[in-house]
>>> print(open('my_file_19.txt').read())   # compact mmCIF, C-alpha atoms
# COMPACT_ATOMS: atom_id res chain seq x y z
CA MET E 1 -18.69 -11.50 -10.31
CA ARG E 2 -19.49 -11.14 -14.04
CA LEU E 3 -16.78 -12.86 -16.06
CA GLY E 4 -15.59 -13.03 -19.66
CA VAL E 5 -13.57 -16.08 -20.70
CA LEU E 6 -10.64 -15.87 -23.11
CA PHE E 7 -11.73 -18.74 -25.27
CA SER E 8 -9.76 -20.65 -27.90
CA GLY E 9 -12.10 -23.64 -28.02
CA GLY E 10 -9.39 -25.99 -26.72
CA LYS E 11 -9.50 -28.08 -23.56
CA ASP E 12 -7.73 -25.59 -21.27
CA SER E 13 -9.93 -22.56 -21.93
CA THR E 14 -13.04 -24.77 -21.92
CA LEU E 15 -12.09 -26.33 -18.56
CA ALA E 16 -11.30 -22.85 -17.19
CA LEU E 17 -14.76 -21.76 -18.38
CA HIS E 18 -16.38 -24.67 -16.53
CA LYS E 19 -14.48 -23.91 -13.33
CA ALA E 20 -15.40 -20.23 -13.55
CA ALA E 21 -19.06 -21.03 -14.18
CA GLU E 22 -19.17 -23.27 -11.09
CA ARG E 23 -18.47 -20.29 -8.83
CA GLU E 24 -19.43 -17.10 -10.69
CA GLU E 25 -21.44 -15.82 -13.65
CA VAL E 26 -19.83 -16.23 -17.08
CA VAL E 27 -21.49 -13.68 -19.38
CA CYS E 28 -19.39 -13.80 -22.56
CA LEU E 29 -16.53 -15.43 -24.42
CA ILE E 30 -13.64 -13.51 -25.97
CA THR E 31 -11.72 -14.93 -28.94
CA LEU E 32 -8.73 -13.53 -30.80
CA ILE E 33 -8.32 -14.96 -34.28
CA SER E 34 -4.65 -14.63 -35.13
CA LYS E 35 -3.49 -14.57 -38.73
CA ASN E 36 0.04 -15.36 -37.56
CA LYS E 37 0.65 -19.09 -37.34
CA GLU E 38 3.74 -18.44 -35.19
CA SER E 39 1.90 -16.38 -32.55
CA TYR E 40 2.81 -17.39 -28.99
CA MET E 41 -0.35 -15.76 -27.69
CA PHE E 42 -3.35 -16.84 -29.70
CA HIS E 43 -2.81 -19.18 -32.63
CA THR E 44 -4.97 -22.29 -32.47
CA PRO E 45 -6.10 -24.66 -35.23
CA ASN E 46 -9.86 -24.48 -35.77
CA ILE E 47 -10.12 -21.13 -33.97
CA ASP E 48 -13.08 -20.40 -36.27
CA MET E 49 -14.95 -23.16 -34.44
CA THR E 50 -15.37 -20.84 -31.44
CA THR E 51 -18.43 -19.34 -33.17
CA LEU E 52 -20.17 -22.72 -33.19
CA GLN E 53 -18.88 -23.56 -29.69
CA ALA E 54 -20.28 -20.26 -28.35
CA GLU E 55 -23.62 -21.11 -29.92
CA ALA E 56 -23.47 -24.58 -28.34
CA LEU E 57 -22.74 -22.95 -24.98
CA GLY E 58 -25.44 -20.31 -25.43
CA LEU E 59 -22.95 -17.52 -24.71
CA PRO E 60 -22.24 -14.33 -26.69
CA LEU E 61 -18.84 -14.21 -28.34
CA ILE E 62 -16.62 -11.18 -28.84
CA CYS E 63 -14.44 -12.16 -31.76
CA LYS E 64 -11.55 -10.03 -32.95
CA VAL E 65 -9.17 -10.72 -35.82
CA THR E 66 -5.54 -9.82 -35.17
CA ALA E 67 -2.57 -9.75 -37.52
CA GLY E 68 -0.73 -11.49 -34.70
CA LYS E 69 2.36 -9.29 -34.66
CA PRO E 70 4.10 -9.47 -31.28
CA GLU E 71 2.82 -6.84 -28.84
CA GLU E 72 0.45 -5.39 -31.49
CA GLU E 73 -1.82 -8.37 -30.93
CA LEU E 74 -1.99 -7.31 -27.29
CA LYS E 75 -3.59 -4.04 -28.35
CA ASP E 76 -6.22 -6.10 -30.16
CA LEU E 77 -6.77 -8.18 -27.01
CA ASP E 78 -7.00 -4.96 -25.00
CA THR E 79 -9.70 -3.72 -27.41
CA ALA E 80 -11.65 -6.99 -27.18
CA ILE E 81 -11.53 -6.93 -23.36
CA ALA E 82 -12.62 -3.28 -23.39
CA GLN E 83 -15.60 -4.28 -25.53
CA ALA E 84 -16.47 -7.05 -23.05
CA ILE E 85 -16.30 -4.50 -20.22
CA ASN E 86 -18.49 -2.01 -22.11
CA TYR E 87 -21.08 -4.39 -23.53
CA PHE E 88 -21.27 -7.12 -20.90
CA LYS E 89 -20.04 -5.24 -17.81
CA ILE E 90 -17.50 -7.94 -17.00
CA GLU E 91 -15.53 -7.52 -13.78
CA GLY E 92 -12.99 -10.23 -14.54
CA VAL E 93 -11.26 -12.11 -17.36
CA VAL E 94 -10.75 -15.88 -17.09
CA THR E 95 -7.86 -17.56 -18.90
CA GLY E 96 -6.82 -21.17 -19.41
CA ALA E 97 -3.17 -20.35 -18.70
CA VAL E 98 -1.36 -23.20 -16.97
CA GLU E 99 2.37 -22.61 -17.12
CA SER E 100 3.17 -19.87 -19.62
CA VAL E 101 4.30 -16.69 -17.86
CA TYR E 102 4.67 -15.14 -21.33
CA GLN E 103 0.91 -15.36 -21.93
CA ALA E 104 -0.19 -14.90 -18.34
CA SER E 105 1.84 -11.78 -17.62
CA ARG E 106 0.64 -10.05 -20.78
CA ILE E 107 -3.00 -10.74 -19.97
CA GLN E 108 -2.39 -9.70 -16.35
CA ARG E 109 -1.04 -6.34 -17.58
CA ILE E 110 -4.11 -5.71 -19.75
CA CYS E 111 -6.50 -6.65 -16.93
CA ASN E 112 -4.54 -4.50 -14.48
CA HIS E 113 -4.70 -1.54 -16.86
CA SER E 114 -8.47 -2.09 -17.32
CA LYS E 115 -8.99 -2.62 -13.57
CA VAL E 116 -10.64 -6.03 -13.92
CA TRP E 117 -9.72 -9.29 -12.19
CA CYS E 118 -7.47 -11.72 -14.06
CA ILE E 119 -8.46 -15.25 -13.09
CA ASN E 120 -6.43 -18.34 -13.95
CA PRO E 121 -8.24 -21.38 -12.52
CA LEU E 122 -5.75 -23.88 -13.99
CA TRP E 123 -2.57 -21.99 -13.07
CA LYS E 124 0.30 -24.37 -12.23
CA ARG E 125 -1.98 -27.41 -12.27
CA LYS E 126 -0.25 -30.66 -13.19
CA GLN E 127 -0.69 -31.34 -16.91
CA LYS E 128 -1.87 -34.90 -16.45
CA ALA E 129 -4.47 -33.78 -13.90
CA ILE E 130 -5.95 -31.32 -16.40
CA LEU E 131 -6.32 -34.02 -19.03
CA GLU E 132 -7.80 -36.46 -16.54
CA GLU E 133 -10.26 -33.91 -15.23
CA SER E 134 -11.45 -32.97 -18.71
CA VAL E 135 -12.09 -36.65 -19.51
CA ALA E 136 -13.75 -37.29 -16.14
CA GLU E 137 -16.02 -34.27 -16.69
CA GLY E 138 -17.16 -35.72 -20.01
CA PHE E 139 -15.33 -33.44 -22.41
CA LYS E 140 -15.16 -34.72 -25.97
CA THR E 141 -11.85 -33.29 -27.12
CA LEU E 142 -10.01 -33.91 -30.37
CA ILE E 143 -6.32 -33.48 -31.01
CA SER E 144 -6.38 -30.82 -33.71
CA GLY E 145 -2.70 -29.98 -33.95
CA VAL E 146 0.66 -31.68 -33.34
CA PHE E 147 3.92 -29.76 -33.38
CA ALA E 148 6.68 -31.87 -31.83
CA TYR E 149 8.61 -35.10 -32.19
CA PRO E 150 7.58 -37.94 -31.93
CA LEU E 151 3.98 -36.86 -32.62
CA ASP E 152 2.78 -37.16 -36.20
CA LYS E 153 -0.40 -37.18 -38.30
CA THR E 154 -1.59 -40.46 -36.76
CA TRP E 155 -2.48 -38.47 -33.62
CA LEU E 156 -4.63 -35.93 -35.45
CA GLY E 157 -8.38 -36.26 -34.92
CA LYS E 158 -7.98 -38.71 -32.03
CA GLN E 159 -10.28 -38.17 -29.08
CA ILE E 160 -8.61 -37.69 -25.70
CA ASP E 161 -9.51 -40.55 -23.37
CA GLU E 162 -7.78 -42.36 -20.53
CA ALA E 163 -5.78 -44.62 -22.86
CA LEU E 164 -4.54 -41.67 -24.87
CA ILE E 165 -3.56 -39.82 -21.68
CA ASP E 166 -1.42 -42.83 -20.72
CA GLN E 167 0.26 -42.67 -24.12
CA LEU E 168 0.96 -38.94 -23.75
CA VAL E 169 2.35 -39.45 -20.24
CA SER E 170 4.67 -42.17 -21.58
CA LEU E 171 5.91 -39.76 -24.24
CA ASN E 172 6.46 -37.16 -21.53
CA GLU E 173 8.67 -39.57 -19.63
CA GLU E 174 10.61 -40.60 -22.73
CA TYR E 175 10.81 -37.34 -24.68
CA SER E 176 9.96 -34.63 -22.09
CA LEU E 177 6.84 -33.86 -24.08
CA SER E 178 4.27 -31.88 -22.11
CA PRO E 179 1.29 -34.30 -21.81
CA SER E 180 -1.33 -31.57 -22.21
CA GLY E 181 0.58 -29.67 -24.86
CA GLU E 182 1.21 -26.63 -22.69
CA GLY E 183 4.47 -26.11 -24.54
CA GLY E 184 2.54 -25.94 -27.81
CA GLU E 185 3.27 -29.58 -28.67
CA ILE E 186 -0.41 -30.37 -29.19
CA GLU E 187 -3.53 -28.29 -29.73
CA THR E 188 -7.05 -29.45 -29.07
CA THR E 189 -10.64 -28.70 -30.06
CA VAL E 190 -13.57 -29.40 -27.73
CA LEU E 191 -16.69 -30.78 -29.43
CA ASP E 192 -18.77 -31.38 -26.32
CA ALA E 193 -18.63 -30.60 -22.61
CA PRO E 194 -21.14 -30.45 -19.73
CA LEU E 195 -22.04 -26.78 -20.33
CA PHE E 196 -22.62 -27.36 -24.05
CA LYS E 197 -26.36 -27.33 -24.68
CA LYS E 198 -25.72 -29.03 -28.01
CA LYS E 199 -22.72 -31.05 -29.18
CA ILE E 200 -20.68 -30.39 -32.30
CA GLY E 201 -20.66 -32.92 -35.12
CA VAL E 202 -17.78 -32.79 -37.60
CA LEU E 203 -19.07 -33.15 -41.15
CA ASP E 204 -15.87 -32.63 -43.12
CA PHE E 205 -12.20 -32.25 -42.26
CA GLU E 206 -8.77 -32.09 -43.85
CA VAL E 207 -5.46 -33.27 -42.42
CA GLU E 208 -2.41 -31.21 -43.30
CA ALA E 209 0.77 -32.76 -41.98
CA GLN E 210 4.46 -32.94 -42.62
CA GLY E 211 6.76 -34.94 -40.39
CA ASN E 212 6.09 -34.09 -36.77
CA SER E 213 3.86 -31.14 -37.49
CA GLY E 214 0.26 -31.17 -38.63
CA VAL E 215 -3.27 -29.91 -38.14
CA PHE E 216 -6.74 -31.43 -38.26
CA ASN E 217 -8.74 -28.72 -39.98
CA ILE E 218 -12.49 -28.94 -39.45
CA LYS E 219 -13.99 -27.75 -42.74
CA ALA E 220 -17.66 -28.25 -41.91
CA ALA E 221 -19.50 -28.88 -38.65
CA ARG E 222 -22.98 -28.50 -37.20
CA LEU E 223 -24.71 -28.57 -33.85
CA ARG E 224 -26.51 -31.73 -32.87
CA ASP E 225 -28.90 -32.47 -30.02
CA LYS E 226 -27.33 -34.18 -27.03
CA MET I 1 4.19 -29.18 10.03
CA ILE I 2 3.83 -26.13 7.81
CA LEU I 3 0.90 -23.74 8.03
CA ILE I 4 0.14 -22.18 4.63
CA VAL I 5 -2.01 -19.10 5.05
CA ASP I 6 -4.45 -18.24 2.24
CA MET I 7 -4.23 -14.45 1.85
CA ASN I 8 -7.03 -14.13 -0.70
CA SER I 9 -10.19 -12.14 -0.24
CA THR I 10 -13.37 -14.16 0.13
CA LYS I 11 -14.59 -12.08 -2.84
CA ASN I 12 -12.22 -14.03 -5.10
CA PRO I 13 -13.10 -17.74 -4.94
CA PHE I 14 -10.37 -18.51 -7.49
CA GLY I 15 -7.43 -17.11 -5.54
CA PHE I 16 -6.96 -20.34 -3.61
CA ASN I 17 -6.30 -22.32 -6.82
CA GLU I 18 -4.00 -19.71 -8.28
CA PHE I 19 -1.95 -18.51 -5.32
CA VAL I 20 -2.20 -21.18 -2.60
CA LEU I 21 -2.31 -24.58 -4.32
CA PRO I 22 0.99 -24.03 -6.22
CA ILE I 23 2.71 -23.45 -2.85
CA VAL I 24 1.02 -26.52 -1.37
CA SER I 25 2.20 -28.67 -4.29
CA ILE I 26 5.82 -27.69 -3.56
CA ALA I 27 5.63 -27.85 0.23
CA GLU I 28 3.69 -31.10 0.60
CA GLU I 29 6.48 -33.01 -1.15
CA LEU I 30 8.77 -32.04 1.73
CA GLU I 31 6.63 -31.74 4.81
CA GLU I 32 3.08 -32.12 6.07
CA CYS I 33 0.99 -29.03 5.34
CA VAL I 34 -2.17 -27.44 6.67
CA VAL I 35 -3.92 -24.60 4.81
CA LYS I 36 -5.99 -21.98 6.62
CA HIS I 37 -7.62 -18.81 5.39
CA TYR I 38 -6.08 -15.79 7.12
CA LEU I 39 -9.37 -15.02 8.85
CA GLU I 40 -9.28 -18.51 10.42
CA VAL I 41 -5.77 -18.30 11.84
CA ASN I 42 -6.07 -18.68 15.57
CA GLU I 43 -3.16 -17.48 17.69
CA GLU I 44 -3.66 -20.31 20.20
CA ASP I 45 -3.24 -22.93 17.44
CA LEU I 46 0.06 -21.58 16.13
CA ALA I 47 2.10 -23.76 18.49
CA ASP I 48 1.12 -26.73 16.29
CA TYR I 49 3.20 -25.44 13.37
CA ASP I 50 6.95 -25.45 12.78
CA LYS I 51 6.87 -22.74 10.15
CA ILE I 52 4.41 -20.57 8.26
CA ILE I 53 4.13 -19.48 4.61
CA LEU I 54 1.84 -16.57 3.74
CA SER I 55 0.56 -16.77 0.15
CA GLY I 56 0.18 -14.04 -2.42
CA SER I 57 -3.09 -12.83 -3.91
CA ALA I 58 -4.46 -11.37 -7.16
CA LEU I 59 -3.46 -7.89 -8.34
CA MET I 60 -6.99 -6.64 -7.65
CA ASP I 61 -6.97 -8.21 -4.19
CA THR I 62 -5.37 -6.00 -1.53
CA VAL I 63 -7.64 -7.09 1.28
CA THR I 64 -4.93 -8.12 3.75
CA LEU I 65 -3.09 -4.83 3.28
CA ASP I 66 -6.03 -3.01 4.84
CA GLN I 67 -6.05 -5.12 7.98
CA PRO I 68 -2.53 -5.67 9.36
CA ALA I 69 -4.06 -5.92 12.85
CA GLN I 70 -5.46 -9.30 11.73
CA PHE I 71 -1.83 -10.48 11.60
CA ALA I 72 -0.66 -9.11 14.96
CA TRP I 73 0.20 -12.71 15.89
CA LEU I 74 3.27 -12.36 13.64
CA GLU I 75 4.94 -10.11 16.22
CA SER I 76 4.96 -12.81 18.91
CA PHE I 77 5.40 -15.85 16.65
CA SER I 78 8.98 -17.05 17.13
CA LYS I 79 9.29 -19.69 14.39
CA PRO I 80 10.24 -19.21 10.70
CA VAL I 81 7.87 -17.33 8.40
CA LEU I 82 8.02 -16.75 4.65
CA GLY I 83 5.68 -14.17 3.13
CA ILE I 84 5.11 -14.20 -0.64
CA CYS I 85 4.01 -10.97 -2.37
CA ALA I 86 0.90 -9.91 -0.39
CA GLY I 87 2.40 -12.06 2.37
CA MET I 88 5.62 -10.01 2.37
CA GLN I 89 3.71 -6.73 2.14
CA THR I 90 1.53 -7.71 5.10
CA ILE I 91 4.56 -8.76 7.18
CA GLY I 92 6.15 -5.41 6.42
CA LEU I 93 3.06 -3.49 7.49
CA VAL I 94 2.74 -5.44 10.74
CA PHE I 95 6.32 -4.49 11.62
CA GLY I 96 5.88 -0.80 10.88
CA GLY I 97 6.76 -0.56 7.19
CA ARG I 98 4.77 1.21 4.48
CA LEU I 99 3.77 0.54 0.89
CA LYS I 100 4.62 2.55 -2.18
CA LYS I 101 3.10 2.33 -5.65
CA CYS I 102 5.30 0.10 -7.84
CA SER I 103 3.89 -2.05 -10.60
CA GLU I 104 5.90 -4.98 -11.97
CA ILE I 105 4.19 -7.75 -13.94
CA GLY I 106 6.14 -10.54 -15.59
CA MET I 107 9.71 -11.82 -15.52
CA THR I 108 11.90 -9.29 -13.70
CA GLU I 109 15.60 -9.29 -12.92
CA ILE I 110 16.60 -8.92 -9.28
CA ALA I 111 20.02 -8.71 -7.66
CA THR I 112 20.98 -10.19 -4.32
CA SER I 113 22.20 -7.46 -1.99
CA GLU I 114 23.02 -9.56 1.07
CA LYS I 115 24.08 -13.18 1.49
CA ASN I 116 21.20 -15.32 2.65
CA ILE I 117 19.89 -18.90 2.82
CA LEU I 118 17.27 -18.58 0.05
CA PHE I 119 19.13 -17.38 -3.08
CA SER I 120 22.26 -15.72 -4.42
CA SER I 121 23.51 -13.66 -7.37
CA THR I 122 21.34 -11.95 -10.00
CA PHE I 123 18.39 -13.87 -11.40
CA LYS I 124 14.95 -13.52 -12.97
CA VAL I 125 11.75 -13.84 -11.00
CA TYR I 126 8.01 -13.73 -11.74
CA ALA I 127 6.61 -10.47 -10.41
CA LEU I 128 2.91 -9.67 -10.00
CA HIS I 129 2.38 -6.61 -7.84
CA ASN I 130 1.19 -3.01 -7.84
CA TYR I 131 2.81 -2.09 -4.54
CA ALA I 132 6.27 -2.50 -3.09
CA LEU I 133 7.26 -2.53 0.54
CA VAL I 134 9.37 0.10 2.24
CA PRO I 135 10.31 -1.94 5.30
CA SER I 136 11.00 -0.62 8.76
CA ALA I 137 14.51 -0.59 10.21
CA GLU I 138 13.84 -4.01 11.75
CA PHE I 139 14.42 -5.61 8.32
CA ARG I 140 17.47 -6.19 6.18
CA VAL I 141 17.14 -5.98 2.41
CA LEU I 142 18.17 -9.21 0.66
CA ALA I 143 17.36 -8.40 -2.98
CA GLU I 144 16.16 -5.57 -5.21
CA SER I 145 14.99 -5.03 -8.77
CA SER I 146 15.74 -1.74 -10.52
CA ASN I 147 12.43 -0.46 -9.13
CA CYS I 148 11.95 -1.80 -5.64
CA ILE I 149 12.91 -4.11 -2.78
CA HIS I 150 12.16 -7.76 -3.59
CA ALA I 151 13.26 -9.68 -0.52
CA ILE I 152 13.71 -8.97 3.17
CA LYS I 153 14.66 -10.67 6.44
CA HIS I 154 13.89 -9.57 9.96
CA GLU I 155 17.12 -8.63 11.74
CA SER I 156 16.59 -11.00 14.68
CA LYS I 157 13.78 -13.39 13.70
CA ASP I 158 13.60 -15.98 10.91
CA VAL I 159 10.94 -13.92 9.18
CA TYR I 160 11.47 -13.62 5.41
CA GLY I 161 9.53 -11.92 2.67
CA VAL I 162 9.77 -12.12 -1.12
CA LEU I 163 7.78 -9.79 -3.33
CA PHE I 164 8.10 -12.11 -6.34
CA HIS I 165 6.35 -15.46 -6.76
CA PRO I 166 8.82 -18.34 -6.24
CA GLU I 167 5.97 -20.85 -6.58
CA VAL I 168 5.72 -19.82 -10.27
CA ARG I 169 9.41 -19.59 -11.15
CA ASN I 170 12.30 -20.44 -8.75
CA ARG I 171 10.41 -23.03 -6.71
CA GLU I 172 13.74 -24.01 -5.16
CA ILE I 173 13.51 -20.89 -3.00
CA VAL I 174 10.42 -22.30 -1.27
CA GLU I 175 12.18 -25.64 -0.96
CA ARG I 176 15.28 -24.01 0.58
CA PHE I 177 13.13 -22.19 3.13
CA ILE I 178 11.52 -25.49 4.14
CA HIS I 179 14.83 -27.38 4.19
CA ALA I 180 16.66 -24.65 6.12
CA PHE I 181 14.20 -24.90 8.96
CA ALA I 182 13.49 -28.61 8.80
CA VAL I 183 12.57 -30.01 12.16
CA ASP I 184 14.25 -33.26 13.09
CA ARG I 185 11.53 -35.29 14.77
CA ARG I 186 13.67 -38.41 15.26
CA ILE I 187 14.02 -39.53 18.88
>>> encode(input="my_file_19.txt", output="structure tokens")
Amino acid sequence: MRLGVLFSGGKDSTLALHKAAEREEVVCLITLISKNKESYMFHTPNIDMTTLQAEALGLPLICKVTAGKPEEELKDLDTAIAQAINYFKIEGVVTGAVESVYQASRIQRICNHSKVWCINPLWKRKQKAILEESVAEGFKTLISGVFAYPLDKTWLGKQIDEALIDQLVSLNEEYSLSPSGEGGEIETTVLDAPLFKKKIGVLDFEVEAQGNSGVFNIKAARLRDK
Amino acid sequence: MILIVDMNSTKNPFGFNEFVLPIVSIAEELEECVVKHYLEVNEEDLADYDKIILSGSALMDTVTLDQPAQFAWLESFSKPVLGICAGMQTIGLVFGGRLKKCSEIGMTEIATSEKNILFSSTFKVYALHNYALVPSAEFRVLAESSNCIHAIKHESKDVYGVLFHPEVRNREIVERFIHAFAVDRRI
């Protein structure tokens, strides 16, 4: 089955990509760049990094800018998926959806309308298990956004490892914070993973933070040999 | 012991993760589980199981709906069965029902139409289907959305079907099914 992956460059969509590639042929990535910071569907810090990540993966990227207005952004996603069907003959769309029926049902509707499979390899997986698997697989993942108490700017730019997972799980127990950020509490950016032919080196960054909300903006990066 | 039947086509290697494992994660906390693909279900082995749950499958995957004869064992199986989405549709076909086109994707309100052990009142469920079941007269209707029947029970057997996905939202419905037919193995 020829597959396109809805790719934000974070740990979930990258892990979904790896799982899809283990079983079937991934032929392209699809990225929606939302101009709306409040979008429930697509907003991700460092979404521009998907261009470099696609190059590191050696996969073509369909990139579409959306104003990010509710439901209108779905038309933009529909267009991007239609392009992937036309240009790359995809038969299915892979998502990194874990728990959000808001996101999953909207993508399911578009895939259903376009008569392609909608594949969610991480659906309903336990959040801690996703983090642990990404670390065990050798993902180098940075925390690139925090959006909930008690997280703050000290978390930004940290690499996810076993010790950090333990910290996030502790916060989950104390504050009901989703350890993998499925509720939008944290966002991540993957700099290296097994399918990356080259890894990403961050050359310059900027931290923008206020209270319990902040982002780690990568301002310059380049590919490096692994 | 619960038998969870994987209703996904072999053409979709991801269906197991998406439609079977979430049921396993609920059921295994309550009772020992075994998972088998529907093509591997052997009628002679069914005596080993106290109850059976038939999983759902992807929207593009209607493979079990084309082969109800593969599930003829349901007619003679006398223990509790719960079919989820494709599982309910397949149960309905085995017992003489038919399918009608009805697409519902996302959170959907359903209303209970008959008192039962799984749920009550009006509540929201996660729907993911392109077909609804028109059951035969052997089934009672337990719940409906504004578009179609969402839950059924066989009039004389403990055979239930839900068109929605309780493993996604309303996991307590799966738990109630398991609890309601818990087997006391104490001597």
>>> closest_residue(input="my_file_19.txt", among="E:Tyr175, E:Gly138, E:Ala82, E:Ser144", to="Asp161 in chain E", atoms="all atoms listed in the file")
E:Gly138
>>> closest_atom_pairs(input="my_file_19.txt", of="chain E", to="chain I", cutoff="10 Å", atoms="all atoms listed in the file", output="JSON lines")
{"residue": "E:Met1", "atom": "CA", "partner": "I:Lys11", "partner_atom": "CA", "distance": 8.5}
{"residue": "E:Lys19", "atom": "CA", "partner": "I:Phe14", "partner_atom": "CA", "distance": 9.0}
{"residue": "E:Ala20", "atom": "CA", "partner": "I:Phe14", "partner_atom": "CA", "distance": 8.1}
{"residue": "E:Arg23", "atom": "CA", "partner": "I:Pro13", "partner_atom": "CA", "distance": 7.1}
{"residue": "E:Glu24", "atom": "CA", "partner": "I:Pro13", "partner_atom": "CA", "distance": 8.6}
{"residue": "E:Gly92", "atom": "CA", "partner": "I:Met60", "partner_atom": "CA", "distance": 9.8}
{"residue": "E:Val94", "atom": "CA", "partner": "I:Phe14", "partner_atom": "CA", "distance": 10.0}
{"residue": "E:Val98", "atom": "CA", "partner": "I:Glu18", "partner_atom": "CA", "distance": 9.7}
{"residue": "E:Glu99", "atom": "CA", "partner": "I:Val168", "partner_atom": "CA", "distance": 8.1}
{"residue": "E:Ser100", "atom": "CA", "partner": "I:Val168", "partner_atom": "CA", "distance": 9.7}
{"residue": "E:Val101", "atom": "CA", "partner": "I:Gly106", "partner_atom": "CA", "distance": 6.8}
{"residue": "E:Tyr102", "atom": "CA", "partner": "I:Gly106", "partner_atom": "CA", "distance": 7.5}
{"residue": "E:Gln103", "atom": "CA", "partner": "I:Gly106", "partner_atom": "CA", "distance": 9.5}
{"residue": "E:Ala104", "atom": "CA", "partner": "I:Gly106", "partner_atom": "CA", "distance": 8.2}
{"residue": "E:Ser105", "atom": "CA", "partner": "I:Gly106", "partner_atom": "CA", "distance": 4.9}
{"residue": "E:Arg106", "atom": "CA", "partner": "I:Gly106", "partner_atom": "CA", "distance": 7.6}
{"residue": "E:Ile107", "atom": "CA", "partner": "I:Ile105", "partner_atom": "CA", "distance": 9.8}
{"residue": "E:Gln108", "atom": "CA", "partner": "I:Ile105", "partner_atom": "CA", "distance": 7.3}
{"residue": "E:Arg109", "atom": "CA", "partner": "I:Ile105", "partner_atom": "CA", "distance": 6.5}
{"residue": "E:Cys111", "atom": "CA", "partner": "I:Leu59", "partner_atom": "CA", "distance": 9.2}
{"residue": "E:Asn112", "atom": "CA", "partner": "I:Leu59", "partner_atom": "CA", "distance": 7.1}
{"residue": "E:Lys115", "atom": "CA", "partner": "I:Met60", "partner_atom": "CA", "distance": 7.4}
{"residue": "E:Val116", "atom": "CA", "partner": "I:Met60", "partner_atom": "CA", "distance": 7.3}
{"residue": "E:Trp117", "atom": "CA", "partner": "I:Met60", "partner_atom": "CA", "distance": 5.9}
{"residue": "E:Cys118", "atom": "CA", "partner": "I:Ala58", "partner_atom": "CA", "distance": 7.5}
{"residue": "E:Ile119", "atom": "CA", "partner": "I:Phe14", "partner_atom": "CA", "distance": 6.8}
{"residue": "E:Asn120", "atom": "CA", "partner": "I:Glu18", "partner_atom": "CA", "distance": 6.3}
{"residue": "E:Pro121", "atom": "CA", "partner": "I:Asn17", "partner_atom": "CA", "distance": 6.1}
{"residue": "E:Leu122", "atom": "CA", "partner": "I:Glu18", "partner_atom": "CA", "distance": 7.3}
{"residue": "E:Trp123", "atom": "CA", "partner": "I:Glu18", "partner_atom": "CA", "distance": 5.5}
{"residue": "E:Lys124", "atom": "CA", "partner": "I:Pro22", "partner_atom": "CA", "distance": 6.1}
{"residue": "E:Arg125", "atom": "CA", "partner": "I:Pro22", "partner_atom": "CA", "distance": 7.5}
{"residue": "E:Lys126", "atom": "CA", "partner": "I:Ser25", "partner_atom": "CA", "distance": 9.4}
>>> write_last_selection(input="my_file_19.txt", atoms="C-alpha atoms", output="compact mmCIF listing (two decimals), keeping the file's coordinate frame")
# COMPACT_ATOMS: atom_id res chain seq x y z
CA MET E 1 -18.69 -11.50 -10.31
CA LYS E 19 -14.48 -23.91 -13.33
CA ALA E 20 -15.40 -20.23 -13.55
CA ARG E 23 -18.47 -20.29 -8.83
CA GLU E 24 -19.43 -17.10 -10.69
CA GLY E 92 -12.99 -10.23 -14.54
CA VAL E 94 -10.75 -15.88 -17.09
CA VAL E 98 -1.36 -23.20 -16.97
CA GLU E 99 2.37 -22.61 -17.12
CA SER E 100 3.17 -19.87 -19.62
CA VAL E 101 4.30 -16.69 -17.86
CA TYR E 102 4.67 -15.14 -21.33
CA GLN E 103 0.91 -15.36 -21.93
CA ALA E 104 -0.19 -14.90 -18.34
CA SER E 105 1.84 -11.78 -17.62
CA ARG E 106 0.64 -10.05 -20.78
CA ILE E 107 -3.00 -10.74 -19.97
CA GLN E 108 -2.39 -9.70 -16.35
CA ARG E 109 -1.04 -6.34 -17.58
CA CYS E 111 -6.50 -6.65 -16.93
CA ASN E 112 -4.54 -4.50 -14.48
CA LYS E 115 -8.99 -2.62 -13.57
CA VAL E 116 -10.64 -6.03 -13.92
CA TRP E 117 -9.72 -9.29 -12.19
CA CYS E 118 -7.47 -11.72 -14.06
CA ILE E 119 -8.46 -15.25 -13.09
CA ASN E 120 -6.43 -18.34 -13.95
CA PRO E 121 -8.24 -21.38 -12.52
CA LEU E 122 -5.75 -23.88 -13.99
CA TRP E 123 -2.57 -21.99 -13.07
CA LYS E 124 0.30 -24.37 -12.23
CA ARG E 125 -1.98 -27.41 -12.27
CA LYS E 126 -0.25 -30.66 -13.19
>>> closest_residue(input="my_file_19.txt", among="E:Leu195, E:Gly4, E:Ser114, E:Pro150", to="Glu22 in chain E", atoms="only C-alpha atoms")
E:Leu195
>>> atom_distance(input="my_file_19.txt", atom1="CA of Leu54 in chain I", atom2="CA of His113 in chain E")
26.3 Å
>>> closest_residue(input="my_file_19.txt", among="E:Leu203, E:Leu77, E:Leu131, E:Ile218", to="Thr31 in chain E", atoms="all atoms listed in the file")
E:Leu77
>>> residues_around(input="my_file_19.txt", residues="Lys140 in chain E", least_positions_apart="3", cutoff="10 Å", atoms="all atoms listed in the file", output="number ranges by chain")
E: 11, 134-135, 137, 159-161, 189-194, 199-200
>>> write_last_selection(input="my_file_19.txt", atoms="C-alpha atoms", output="compact mmCIF listing (two decimals), in the coordinates of the input")
# COMPACT_ATOMS: atom_id res chain seq x y z
CA LYS E 11 -9.50 -28.08 -23.56
CA SER E 134 -11.45 -32.97 -18.71
CA VAL E 135 -12.09 -36.65 -19.51
CA GLU E 137 -16.02 -34.27 -16.69
CA GLN E 159 -10.28 -38.17 -29.08
CA ILE E 160 -8.61 -37.69 -25.70
CA ASP E 161 -9.51 -40.55 -23.37
CA THR E 189 -10.64 -28.70 -30.06
CA VAL E 190 -13.57 -29.40 -27.73
CA LEU E 191 -16.69 -30.78 -29.43
CA ASP E 192 -18.77 -31.38 -26.32
CA ALA E 193 -18.63 -30.60 -22.61
CA PRO E 194 -21.14 -30.45 -19.73
CA LYS E 199 -22.72 -31.05 -29.18
CA ILE E 200 -20.68 -30.39 -32.30
